[in-house]
Amino acid sequence: MSEPRIIADHRIMGGVPCVRGTRVPVATIVGLLAQGYTVEEILVHYPTLVSDDVRAALEFAAIAVAERQVPLRTSA
């Protein structure tokens, strides 16, 4: 099994999940995708990343959200 692309190490960015070997947080990548950036545009802005890193960040975020229970507000 290959090493995970996403790590959370308290010595790097205070433990924020980042792409291994970089200081690029998962939240930054997901935020850029949410703003409409393409994978190619992200790679131009962050040349230390490869497309598999972006995919891994998105997968990490999806798993993180799936593990949490999000309270839903009912309308009055």
# chains A, B, ... in the order shown; residues from 1 in each chain; ligands from 1

call {"tool": "residues_around", "arguments": {"residues": "Leu33 (chain A)", "least_positions_apart": "4", "cutoff": "12 Å", "atoms": "only C-alpha atoms", "output": "VMD selection string"}}
result
chain A and resid 26 to 29 37 to 43 54 to 55 57 to 58 61

call {"tool": "atom_distance", "arguments": {"atom1": "CA of Arg73 (chain A)", "atom2": "CA of Ala34 (chain A)"}}
result
23.3 Å

call {"tool": "select_by_dssp", "arguments": {"residues": "chain A", "states": "strand (DSSP E)", "output": "ChimeraX atom specification"}}
result
/A:6-7,18-19

call {"tool": "write_last_selection", "arguments": {"atoms": "N, CA, C and O atoms", "output": "PDB file, in the first residue's frame"}}
result
ATOM      1  N   ILE A   6      -2.473  12.552   2.164  1.00  0.00           N
ATOM      2  CA  ILE A   6      -2.916  13.574   3.107  1.00  0.00           C
ATOM      3  C   ILE A   6      -2.426  13.191   4.499  1.00  0.00           C
ATOM      4  O   ILE A   6      -2.622  12.055   4.944  1.00  0.00           O
ATOM      5  N   ILE A   7      -1.782  14.142   5.156  1.00  0.00           N
ATOM      6  CA  ILE A   7      -1.293  13.892   6.514  1.00  0.00           C
ATOM      7  C   ILE A   7      -1.746  15.014   7.439  1.00  0.00           C
ATOM      8  O   ILE A   7      -2.057  16.121   6.986  1.00  0.00           O
ATOM      9  N   CYS A  18      -2.907  18.328   5.467  1.00  0.00           N
ATOM     10  CA  CYS A  18      -2.223  18.901   4.307  1.00  0.00           C
ATOM     11  C   CYS A  18      -1.792  17.792   3.357  1.00  0.00           C
ATOM     12  O   CYS A  18      -1.712  16.623   3.738  1.00  0.00           O
ATOM     13  N   VAL A  19      -1.460  18.187   2.154  1.00  0.00           N
ATOM     14  CA  VAL A  19      -0.881  17.252   1.193  1.00  0.00           C
ATOM     15  C   VAL A  19       0.538  16.949   1.652  1.00  0.00           C
ATOM     16  O   VAL A  19       1.305  17.869   1.980  1.00  0.00           O
TER      17      VAL A  19
END
